[in-house]
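Structure first, then comments.
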Amino acid sequence: MGILNITPDSFFDGGKYKDEKAILLQVEKMLIDGATFIDVGAYSSRPGAKHISEEEEINRIVPVVKLLVSHFPTILISIDTFRSKVAQKCIEAGAALINDISGGDLDDKMFDVVASLQVPYIVMHMQGNPQNMQEAPAYDNIVTEVFYELSKKVEKLNALHVHDVILDVGFGFGKSVVHNYELLKNLDYFQQMELPVLTGVSRKSMLYKPLDITPQEALNATTIVNTIALQKGTQILRVHDVKEAVETVKIFGLMNN
């Protein structure tokens with residue numbers, strides 16, 4: 001899953017893709033490099049990010065979805081949003097799945113909308129919201145607590161006849177560095193739910209802060225953690241650097257043929 005942030009303030013690539021030409025060139029590159037999905041986000045969810053209105057998010061993202069569908073007719077677009085109205089408008093414009101960082105917590109209509117649209121849904125775990133999630137994340141046992149929260153949501157979705165569900169433990173969303181590595185170490189625990197697992201660690205602070213480097217220098221660390229995630233059962237990698245992730249998947253596949 002290749003990341004396309006059309007936000008001015010995302011932590012790694014904020015402000016890079018402001019015009020149609022830049023957007024199309026980046027998406028074309030990711031598709032050529034082997035991306036299965038393109039995950040489009042118009043609301044920055046980095047810690048402490050600026051909150052924007054639903055209307056502004058729709059105005060940013062819907063034209064981009066239409067642009068991508070018209071230029072790449074076979075594209076599978078994932079919509080990175082926690083708002084049901086944004087999700088609905090984007091699916092109507094040609095997107096294929098919903099990636100909800102809040103797992104339905106920030107919009108109580110989201111599950112019903114996903115059920116009515118009958119599209120795949122990525123349910124992610126987050127403690128708090130993007131504005132406060134990194135202030136003081138706390139857990140007694142992060143692995144079992146994240147598992148329990150996600151399993152409760154999967155039950156609710158299944159009751160609404162949503163069965164195409166993908167799990168995301170939410171690295172960096174309301175978690176300390178220690179929490180993130182505890183989740184990584186136990187990522188195979190989530191295979192018990194018998195659902196695909198998506199891992200999104202690309203260039204995140206859990207990688208660059210312990211190494212005392214910048215997000216721009218964190219590609220090697222991203223590849224290492226993506227490899228560990230694959231070994232622990234991850235089926236989808238959400239990344240900024242598609243070529244390197246596809247190579248990682250191919251090498252991992254050779255070992256496991």
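Chains: A, B, ... in order of the structure tokens. Residues: from 1 per chain. Ligands: from 1, in order shown.
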Within 12 Å of segment 236-247 of chain A, which residues of segment 71-179 of chain A show up? Give each one with its shortest atom-to-atom distance in Å (one decimal) and the two atoms involved, counting only C-alpha atoms, rows by chain then rising residue number, as JSON lines.
```
{"residue": "A:Ser78", "atom": "CA", "partner": "A:Arg238", "partner_atom": "CA", "distance": 10.8}
{"residue": "A:Asp80", "atom": "CA", "partner": "A:Arg238", "partner_atom": "CA", "distance": 11.3}
{"residue": "A:Asn99", "atom": "CA", "partner": "A:Arg238", "partner_atom": "CA", "distance": 10.8}
{"residue": "A:Ile122", "atom": "CA", "partner": "A:Ile236", "partner_atom": "CA", "distance": 10.8}
{"residue": "A:Ile166", "atom": "CA", "partner": "A:Ile236", "partner_atom": "CA", "distance": 9.1}
{"residue": "A:Leu167", "atom": "CA", "partner": "A:Ile236", "partner_atom": "CA", "distance": 9.8}
{"residue": "A:Asp168", "atom": "CA", "partner": "A:Ile236", "partner_atom": "CA", "distance": 9.6}
{"residue": "A:Gly170", "atom": "CA", "partner": "A:Arg238", "partner_atom": "CA", "distance": 11.4}
{"residue": "A:Phe171", "atom": "CA", "partner": "A:Arg238", "partner_atom": "CA", "distance": 11.3}
```
**OP:** Report the residues of segment 77-229 of chain A whose backbone DSSP state falls under helix (DSSP H, G or I), written as JSON, numbers by chain.
**Re:** {"A": [84, 85, 86, 87, 88, 89, 90, 91, 92, 110, 111, 112, 113, 114, 115, 116, 117, 142, 143, 144, 145, 146, 147, 148, 149, 150, 151, 152, 153, 154, 155, 156, 157, 158, 159, 177, 178, 179, 180, 181, 182, 183, 184, 185, 187, 188, 189, 190, 191, 192, 193, 205, 206, 207, 208, 209, 210, 211, 215, 216, 217, 219, 220, 221, 222, 223, 224, 225, 226, 227, 228, 229]}
Spatial neighbours of Asp105 of chain A, 12 Å, only C-alpha atoms, chain gap at least 6 places, as an mmCIF file with all heavy atoms, in the first residue's frame:
```cif
data_model
loop_
_atom_site.group_PDB
_atom_site.id
_atom_site.type_symbol
_atom_site.label_atom_id
_atom_site.label_comp_id
_atom_site.auth_asym_id
_atom_site.auth_seq_id
_atom_site.Cartn_x
_atom_site.Cartn_y
_atom_site.Cartn_z
ATOM 1 N N THR A 81 -9.331 8.011 6.271
ATOM 2 C CA THR A 81 -10.225 8.977 6.930
ATOM 3 C C THR A 81 -10.932 8.321 8.099
ATOM 4 O O THR A 81 -11.144 7.102 8.109
ATOM 5 C CB THR A 81 -11.277 9.546 5.953
ATOM 6 O OG1 THR A 81 -11.995 10.621 6.605
ATOM 7 C CG2 THR A 81 -12.274 8.493 5.507
ATOM 8 N N PHE A 82 -11.306 9.133 9.096
ATOM 9 C CA PHE A 82 -12.124 8.611 10.196
ATOM 10 C C PHE A 82 -13.551 9.155 10.115
ATOM 11 O O PHE A 82 -14.367 8.911 11.007
ATOM 12 C CB PHE A 82 -11.496 8.962 11.560
ATOM 13 C CG PHE A 82 -11.255 10.432 11.771
ATOM 14 C CD1 PHE A 82 -12.279 11.277 12.163
ATOM 15 C CD2 PHE A 82 -9.990 10.970 11.585
ATOM 16 C CE1 PHE A 82 -12.056 12.635 12.353
ATOM 17 C CE2 PHE A 82 -9.749 12.327 11.770
ATOM 18 C CZ PHE A 82 -10.780 13.162 12.165
ATOM 19 N N ARG A 83 -13.873 9.864 9.028
ATOM 20 C CA ARG A 83 -15.192 10.487 8.898
ATOM 21 C C ARG A 83 -16.039 9.730 7.874
ATOM 22 O O ARG A 83 -15.629 9.549 6.724
ATOM 23 C CB ARG A 83 -15.038 11.941 8.463
ATOM 24 C CG ARG A 83 -14.480 12.832 9.568
ATOM 25 C CD ARG A 83 -14.023 14.155 9.020
ATOM 26 N NE ARG A 83 -13.845 15.163 10.063
ATOM 27 C CZ ARG A 83 -13.003 16.177 9.977
ATOM 28 N NH1 ARG A 83 -12.255 16.323 8.885
ATOM 29 N NH2 ARG A 83 -12.889 17.040 10.961
ATOM 30 N N SER A 84 -17.227 9.351 8.283
ATOM 31 C CA SER A 84 -18.085 8.528 7.420
ATOM 32 C C SER A 84 -18.522 9.269 6.163
ATOM 33 O O SER A 84 -18.627 8.672 5.088
ATOM 34 C CB SER A 84 -19.318 8.048 8.202
ATOM 35 O OG SER A 84 -20.075 9.146 8.689
ATOM 36 N N PHE A 111 -19.328 2.665 10.963
ATOM 37 C CA PHE A 111 -19.598 1.239 10.734
ATOM 38 C C PHE A 111 -20.844 1.043 9.874
ATOM 39 O O PHE A 111 -20.867 0.182 8.989
ATOM 40 C CB PHE A 111 -19.746 0.493 12.058
ATOM 41 C CG PHE A 111 -18.446 0.241 12.792
ATOM 42 C CD1 PHE A 111 -17.255 0.813 12.359
ATOM 43 C CD2 PHE A 111 -18.415 -0.567 13.915
ATOM 44 C CE1 PHE A 111 -16.059 0.589 13.037
ATOM 45 C CE2 PHE A 111 -17.226 -0.809 14.597
ATOM 46 C CZ PHE A 111 -16.050 -0.226 14.169
ATOM 47 N N VAL A 123 -9.600 -1.555 10.159
ATOM 48 C CA VAL A 123 -9.928 -1.092 11.504
ATOM 49 C C VAL A 123 -8.617 -0.983 12.289
ATOM 50 O O VAL A 123 -7.915 -1.961 12.499
ATOM 51 C CB VAL A 123 -10.952 -2.023 12.197
ATOM 52 C CG1 VAL A 123 -10.473 -3.466 12.273
ATOM 53 C CG2 VAL A 123 -11.316 -1.512 13.586
ATOM 54 N N MET A 124 -8.276 0.239 12.672
ATOM 55 C CA MET A 124 -7.018 0.478 13.373
ATOM 56 C C MET A 124 -7.258 0.814 14.827
ATOM 57 O O MET A 124 -8.298 1.370 15.186
ATOM 58 C CB MET A 124 -6.246 1.617 12.695
ATOM 59 C CG MET A 124 -4.786 1.669 13.127
ATOM 60 S SD MET A 124 -3.920 3.158 12.547
ATOM 61 C CE MET A 124 -4.295 4.274 13.908
ATOM 62 N N HIS A 125 -6.279 0.495 15.660
ATOM 63 C CA HIS A 125 -6.346 0.854 17.076
ATOM 64 C C HIS A 125 -5.624 2.183 17.313
ATOM 65 O O HIS A 125 -4.504 2.390 16.846
ATOM 66 C CB HIS A 125 -5.691 -0.221 17.947
ATOM 67 C CG HIS A 125 -5.679 0.160 19.399
ATOM 68 N ND1 HIS A 125 -4.674 0.942 19.964
ATOM 69 C CD2 HIS A 125 -6.564 -0.097 20.397
ATOM 70 C CE1 HIS A 125 -4.950 1.140 21.241
ATOM 71 N NE2 HIS A 125 -6.080 0.511 21.528
ATOM 72 N N MET A 126 -6.298 3.064 18.029
ATOM 73 C CA MET A 126 -5.677 4.330 18.439
ATOM 74 C C MET A 126 -6.178 4.675 19.835
ATOM 75 O O MET A 126 -7.372 4.570 20.112
ATOM 76 C CB MET A 126 -6.060 5.456 17.460
ATOM 77 C CG MET A 126 -5.586 6.827 17.903
ATOM 78 S SD MET A 126 -5.780 8.124 16.628
ATOM 79 C CE MET A 126 -7.546 8.153 16.377
ATOM 80 N N GLN A 127 -5.270 5.077 20.710
ATOM 81 C CA GLN A 127 -5.679 5.572 22.026
ATOM 82 C C GLN A 127 -5.738 7.091 21.949
ATOM 83 O O GLN A 127 -4.738 7.748 21.660
ATOM 84 C CB GLN A 127 -4.673 5.130 23.098
ATOM 85 C CG GLN A 127 -5.161 5.386 24.519
ATOM 86 C CD GLN A 127 -4.183 4.874 25.573
ATOM 87 O OE1 GLN A 127 -3.239 5.560 25.942
ATOM 88 N NE2 GLN A 127 -4.405 3.662 26.047
ATOM 89 N N GLY A 128 -6.943 7.656 22.165
ATOM 90 C CA GLY A 128 -7.106 9.114 22.072
ATOM 91 C C GLY A 128 -7.374 9.546 20.649
ATOM 92 O O GLY A 128 -7.977 8.826 19.858
ATOM 93 N N ASN A 129 -6.910 10.754 20.294
ATOM 94 C CA ASN A 129 -7.065 11.268 18.937
ATOM 95 C C ASN A 129 -5.733 11.890 18.497
ATOM 96 O O ASN A 129 -4.817 12.024 19.318
ATOM 97 C CB ASN A 129 -8.218 12.287 18.865
ATOM 98 C CG ASN A 129 -7.988 13.491 19.770
ATOM 99 O OD1 ASN A 129 -6.929 14.112 19.749
ATOM 100 N ND2 ASN A 129 -8.981 13.831 20.591
ATOM 101 N N GLU A 149 -9.733 -4.656 22.047
ATOM 102 C CA GLU A 149 -10.430 -3.537 21.393
ATOM 103 C C GLU A 149 -10.741 -3.855 19.928
ATOM 104 O O GLU A 149 -11.848 -3.601 19.446
ATOM 105 C CB GLU A 149 -9.577 -2.262 21.477
ATOM 106 C CG GLU A 149 -9.494 -1.638 22.855
ATOM 107 C CD GLU A 149 -10.825 -1.115 23.364
ATOM 108 O OE1 GLU A 149 -11.608 -0.586 22.553
ATOM 109 O OE2 GLU A 149 -11.090 -1.265 24.568
ATOM 110 N N LEU A 150 -9.763 -4.388 19.218
ATOM 111 C CA LEU A 150 -9.981 -4.715 17.805
ATOM 112 C C LEU A 150 -11.009 -5.839 17.657
ATOM 113 O O LEU A 150 -11.865 -5.789 16.778
ATOM 114 C CB LEU A 150 -8.659 -5.108 17.141
ATOM 115 C CG LEU A 150 -7.650 -3.973 16.902
ATOM 116 C CD1 LEU A 150 -6.344 -4.521 16.345
ATOM 117 C CD2 LEU A 150 -8.208 -2.898 15.969
ATOM 118 N N LYS A 153 -14.536 -4.618 17.959
ATOM 119 C CA LYS A 153 -14.964 -3.882 16.758
ATOM 120 C C LYS A 153 -15.261 -4.837 15.599
ATOM 121 O O LYS A 153 -16.201 -4.616 14.842
ATOM 122 C CB LYS A 153 -13.919 -2.846 16.379
ATOM 123 C CG LYS A 153 -13.871 -1.714 17.404
ATOM 124 C CD LYS A 153 -12.796 -0.704 17.139
ATOM 125 C CE LYS A 153 -12.870 0.391 18.206
ATOM 126 N NZ LYS A 153 -11.911 1.456 17.972
#
```
Subject >> Length of the atom CA of Pro137 of chain A to atom CA of Ser202 of chain A vector [Å] >> reply: 20.6 Å
Excluding segment 154-159 of chain A and residues on its chain fewer than 6 positions from it, collect all residues at most 12 Å away from it, counting only C-alpha atoms, and give them as a PDB file with N, CA, C and O atoms, in the first residue's frame.
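Dumped to part07.pdb:
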```pdb
ATOM      1  N   GLY A 103     -10.775   3.434  13.981  1.00  0.00           N
ATOM      2  CA  GLY A 103     -11.577   2.219  14.121  1.00  0.00           C
ATOM      3  C   GLY A 103     -13.015   2.495  14.514  1.00  0.00           C
ATOM      4  O   GLY A 103     -13.625   1.761  15.291  1.00  0.00           O
ATOM      5  N   GLY A 104     -13.574   3.586  13.991  1.00  0.00           N
ATOM      6  CA  GLY A 104     -14.964   3.929  14.274  1.00  0.00           C
ATOM      7  C   GLY A 104     -15.184   4.777  15.511  1.00  0.00           C
ATOM      8  O   GLY A 104     -16.298   5.225  15.781  1.00  0.00           O
ATOM      9  N   ASP A 108     -19.445   7.815  14.996  1.00  0.00           N
ATOM     10  CA  ASP A 108     -20.270   6.648  15.310  1.00  0.00           C
ATOM     11  C   ASP A 108     -21.128   6.166  14.137  1.00  0.00           C
ATOM     12  O   ASP A 108     -21.801   5.144  14.230  1.00  0.00           O
ATOM     13  N   LYS A 109     -21.084   6.902  13.023  1.00  0.00           N
ATOM     14  CA  LYS A 109     -21.822   6.453  11.833  1.00  0.00           C
ATOM     15  C   LYS A 109     -20.947   5.615  10.896  1.00  0.00           C
ATOM     16  O   LYS A 109     -21.433   5.056   9.922  1.00  0.00           O
ATOM     17  N   MET A 110     -19.636   5.555  11.169  1.00  0.00           N
ATOM     18  CA  MET A 110     -18.708   4.924  10.226  1.00  0.00           C
ATOM     19  C   MET A 110     -19.056   3.465   9.936  1.00  0.00           C
ATOM     20  O   MET A 110     -19.105   3.043   8.773  1.00  0.00           O
ATOM     21  N   PHE A 111     -19.328   2.665  10.963  1.00  0.00           N
ATOM     22  CA  PHE A 111     -19.598   1.239  10.734  1.00  0.00           C
ATOM     23  C   PHE A 111     -20.844   1.043   9.874  1.00  0.00           C
ATOM     24  O   PHE A 111     -20.867   0.182   8.989  1.00  0.00           O
ATOM     25  N   ASP A 112     -21.883   1.850  10.135  1.00  0.00           N
ATOM     26  CA  ASP A 112     -23.118   1.735   9.342  1.00  0.00           C
ATOM     27  C   ASP A 112     -22.873   2.127   7.890  1.00  0.00           C
ATOM     28  O   ASP A 112     -23.410   1.495   6.972  1.00  0.00           O
ATOM     29  N   VAL A 113     -22.064   3.157   7.683  1.00  0.00           N
ATOM     30  CA  VAL A 113     -21.761   3.599   6.314  1.00  0.00           C
ATOM     31  C   VAL A 113     -20.962   2.526   5.576  1.00  0.00           C
ATOM     32  O   VAL A 113     -21.244   2.204   4.419  1.00  0.00           O
ATOM     33  N   VAL A 114     -19.977   1.942   6.234  1.00  0.00           N
ATOM     34  CA  VAL A 114     -19.183   0.871   5.620  1.00  0.00           C
ATOM     35  C   VAL A 114     -20.091  -0.313   5.273  1.00  0.00           C
ATOM     36  O   VAL A 114     -19.971  -0.911   4.201  1.00  0.00           O
ATOM     37  N   ALA A 115     -21.023  -0.616   6.171  1.00  0.00           N
ATOM     38  CA  ALA A 115     -21.961  -1.719   5.923  1.00  0.00           C
ATOM     39  C   ALA A 115     -22.834  -1.423   4.710  1.00  0.00           C
ATOM     40  O   ALA A 115     -23.076  -2.306   3.875  1.00  0.00           O
ATOM     41  N   SER A 116     -23.291  -0.194   4.596  1.00  0.00           N
ATOM     42  CA  SER A 116     -24.162   0.154   3.455  1.00  0.00           C
ATOM     43  C   SER A 116     -23.380   0.178   2.149  1.00  0.00           C
ATOM     44  O   SER A 116     -23.901  -0.182   1.094  1.00  0.00           O
ATOM     45  N   GLN A 118     -20.641  -1.649   1.614  1.00  0.00           N
ATOM     46  CA  GLN A 118     -20.079  -2.995   1.408  1.00  0.00           C
ATOM     47  C   GLN A 118     -18.698  -2.928   0.748  1.00  0.00           C
ATOM     48  O   GLN A 118     -18.449  -3.517  -0.303  1.00  0.00           O
ATOM     49  N   VAL A 119     -17.788  -2.194   1.397  1.00  0.00           N
ATOM     50  CA  VAL A 119     -16.398  -2.101   0.931  1.00  0.00           C
ATOM     51  C   VAL A 119     -15.475  -2.635   2.033  1.00  0.00           C
ATOM     52  O   VAL A 119     -15.852  -2.648   3.209  1.00  0.00           O
ATOM     53  N   PRO A 120     -14.273  -3.068   1.665  1.00  0.00           N
ATOM     54  CA  PRO A 120     -13.317  -3.492   2.691  1.00  0.00           C
ATOM     55  C   PRO A 120     -13.007  -2.348   3.653  1.00  0.00           C
ATOM     56  O   PRO A 120     -12.980  -1.182   3.255  1.00  0.00           O
ATOM     57  N   TYR A 121     -12.735  -2.709   4.904  1.00  0.00           N
ATOM     58  CA  TYR A 121     -12.544  -1.711   5.958  1.00  0.00           C
ATOM     59  C   TYR A 121     -11.328  -2.081   6.800  1.00  0.00           C
ATOM     60  O   TYR A 121     -11.226  -3.197   7.311  1.00  0.00           O
ATOM     61  N   ILE A 122     -10.404  -1.138   6.917  1.00  0.00           N
ATOM     62  CA  ILE A 122      -9.235  -1.324   7.778  1.00  0.00           C
ATOM     63  C   ILE A 122      -9.558  -0.710   9.132  1.00  0.00           C
ATOM     64  O   ILE A 122      -9.770   0.501   9.239  1.00  0.00           O
ATOM     65  N   VAL A 123      -9.600  -1.555  10.159  1.00  0.00           N
ATOM     66  CA  VAL A 123      -9.928  -1.092  11.504  1.00  0.00           C
ATOM     67  C   VAL A 123      -8.617  -0.983  12.289  1.00  0.00           C
ATOM     68  O   VAL A 123      -7.915  -1.961  12.499  1.00  0.00           O
ATOM     69  N   MET A 124      -8.276   0.239  12.672  1.00  0.00           N
ATOM     70  CA  MET A 124      -7.018   0.478  13.373  1.00  0.00           C
ATOM     71  C   MET A 124      -7.258   0.814  14.827  1.00  0.00           C
ATOM     72  O   MET A 124      -8.298   1.370  15.186  1.00  0.00           O
ATOM     73  N   HIS A 125      -6.279   0.495  15.660  1.00  0.00           N
ATOM     74  CA  HIS A 125      -6.346   0.854  17.076  1.00  0.00           C
ATOM     75  C   HIS A 125      -5.624   2.183  17.313  1.00  0.00           C
ATOM     76  O   HIS A 125      -4.504   2.390  16.846  1.00  0.00           O
ATOM     77  N   PHE A 147      -5.676  -6.145  21.258  1.00  0.00           N
ATOM     78  CA  PHE A 147      -6.381  -7.304  20.701  1.00  0.00           C
ATOM     79  C   PHE A 147      -7.866  -7.257  21.076  1.00  0.00           C
ATOM     80  O   PHE A 147      -8.751  -7.454  20.223  1.00  0.00           O
ATOM     81  N   TYR A 148      -8.135  -6.990  22.355  1.00  0.00           N
ATOM     82  CA  TYR A 148      -9.526  -6.952  22.835  1.00  0.00           C
ATOM     83  C   TYR A 148     -10.325  -5.850  22.137  1.00  0.00           C
ATOM     84  O   TYR A 148     -11.439  -6.073  21.668  1.00  0.00           O
ATOM     85  N   VAL A 165     -12.678  -7.339   6.563  1.00  0.00           N
ATOM     86  CA  VAL A 165     -12.058  -6.469   7.567  1.00  0.00           C
ATOM     87  C   VAL A 165     -10.562  -6.765   7.633  1.00  0.00           C
ATOM     88  O   VAL A 165     -10.143  -7.921   7.605  1.00  0.00           O
ATOM     89  N   ILE A 166      -9.773  -5.695   7.718  1.00  0.00           N
ATOM     90  CA  ILE A 166      -8.314  -5.782   7.836  1.00  0.00           C
ATOM     91  C   ILE A 166      -7.923  -5.138   9.161  1.00  0.00           C
ATOM     92  O   ILE A 166      -8.432  -4.067   9.516  1.00  0.00           O
ATOM     93  N   LEU A 167      -7.016  -5.776   9.903  1.00  0.00           N
ATOM     94  CA  LEU A 167      -6.592  -5.276  11.207  1.00  0.00           C
ATOM     95  C   LEU A 167      -5.331  -4.435  11.095  1.00  0.00           C
ATOM     96  O   LEU A 167      -4.429  -4.754  10.316  1.00  0.00           O
ATOM     97  N   ASP A 168      -5.258  -3.396  11.923  1.00  0.00           N
ATOM     98  CA  ASP A 168      -4.049  -2.574  12.024  1.00  0.00           C
ATOM     99  C   ASP A 168      -3.876  -2.224  13.499  1.00  0.00           C
ATOM    100  O   ASP A 168      -4.751  -1.578  14.090  1.00  0.00           O
ATOM    101  N   MET A 193      -7.221 -13.902  15.084  1.00  0.00           N
ATOM    102  CA  MET A 193      -8.497 -13.398  14.560  1.00  0.00           C
ATOM    103  C   MET A 193      -8.762 -13.858  13.137  1.00  0.00           C
ATOM    104  O   MET A 193      -9.856 -13.643  12.617  1.00  0.00           O
ATOM    105  N   GLU A 194      -7.755 -14.471  12.521  1.00  0.00           N
ATOM    106  CA  GLU A 194      -7.879 -15.012  11.160  1.00  0.00           C
ATOM    107  C   GLU A 194      -8.347 -13.953  10.160  1.00  0.00           C
ATOM    108  O   GLU A 194      -9.215 -14.199   9.327  1.00  0.00           O
ATOM    109  N   LEU A 195      -7.740 -12.764  10.297  1.00  0.00           N
ATOM    110  CA  LEU A 195      -8.013 -11.654   9.384  1.00  0.00           C
ATOM    111  C   LEU A 195      -6.676 -11.114   8.874  1.00  0.00           C
ATOM    112  O   LEU A 195      -5.658 -11.239   9.559  1.00  0.00           O
TER     113      LEU A 195
END
```
Subject >> Residue nearest Val201 of chain A - candidates A:Asn226, A:Asn59, A:Gln231, A:Gln88, atoms counted: only C-alpha atoms >> reply: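 Distance minimum relative to Val201 of chain A lands on A:Asn226.
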Subject >> Residues near Val40 of chain A, cut-off 12 Å, only C-alpha atoms, skip fewer than 5 positions along chain, as a PyMOL selection string >> reply: chain A and resi 1-7+17+23+26-27+57-58+60-68+75-81+86-87+90+95-100+238-240
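Of the listed residues A:Gln235, A:Ser53, A:Thr248, A:Gln134, the one whose atoms come nearest to Asp188 of chain A is A:Gln235, with distances taken using only C-alpha atoms.
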Original post:
What's the 12 Å shell around Lys175 of chain A, counting only C-alpha atoms, without same-chain residues fewer than 4 positions away, as a ChimeraX atom specification?
Top reply: /A:47,125-130,132-139,141-143,146,169-171,179-184,204-206
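For the pair atom CA of Ile32 of chain A and atom CA of Phe72 of chain A, the interatomic distance is 11.5 Å.
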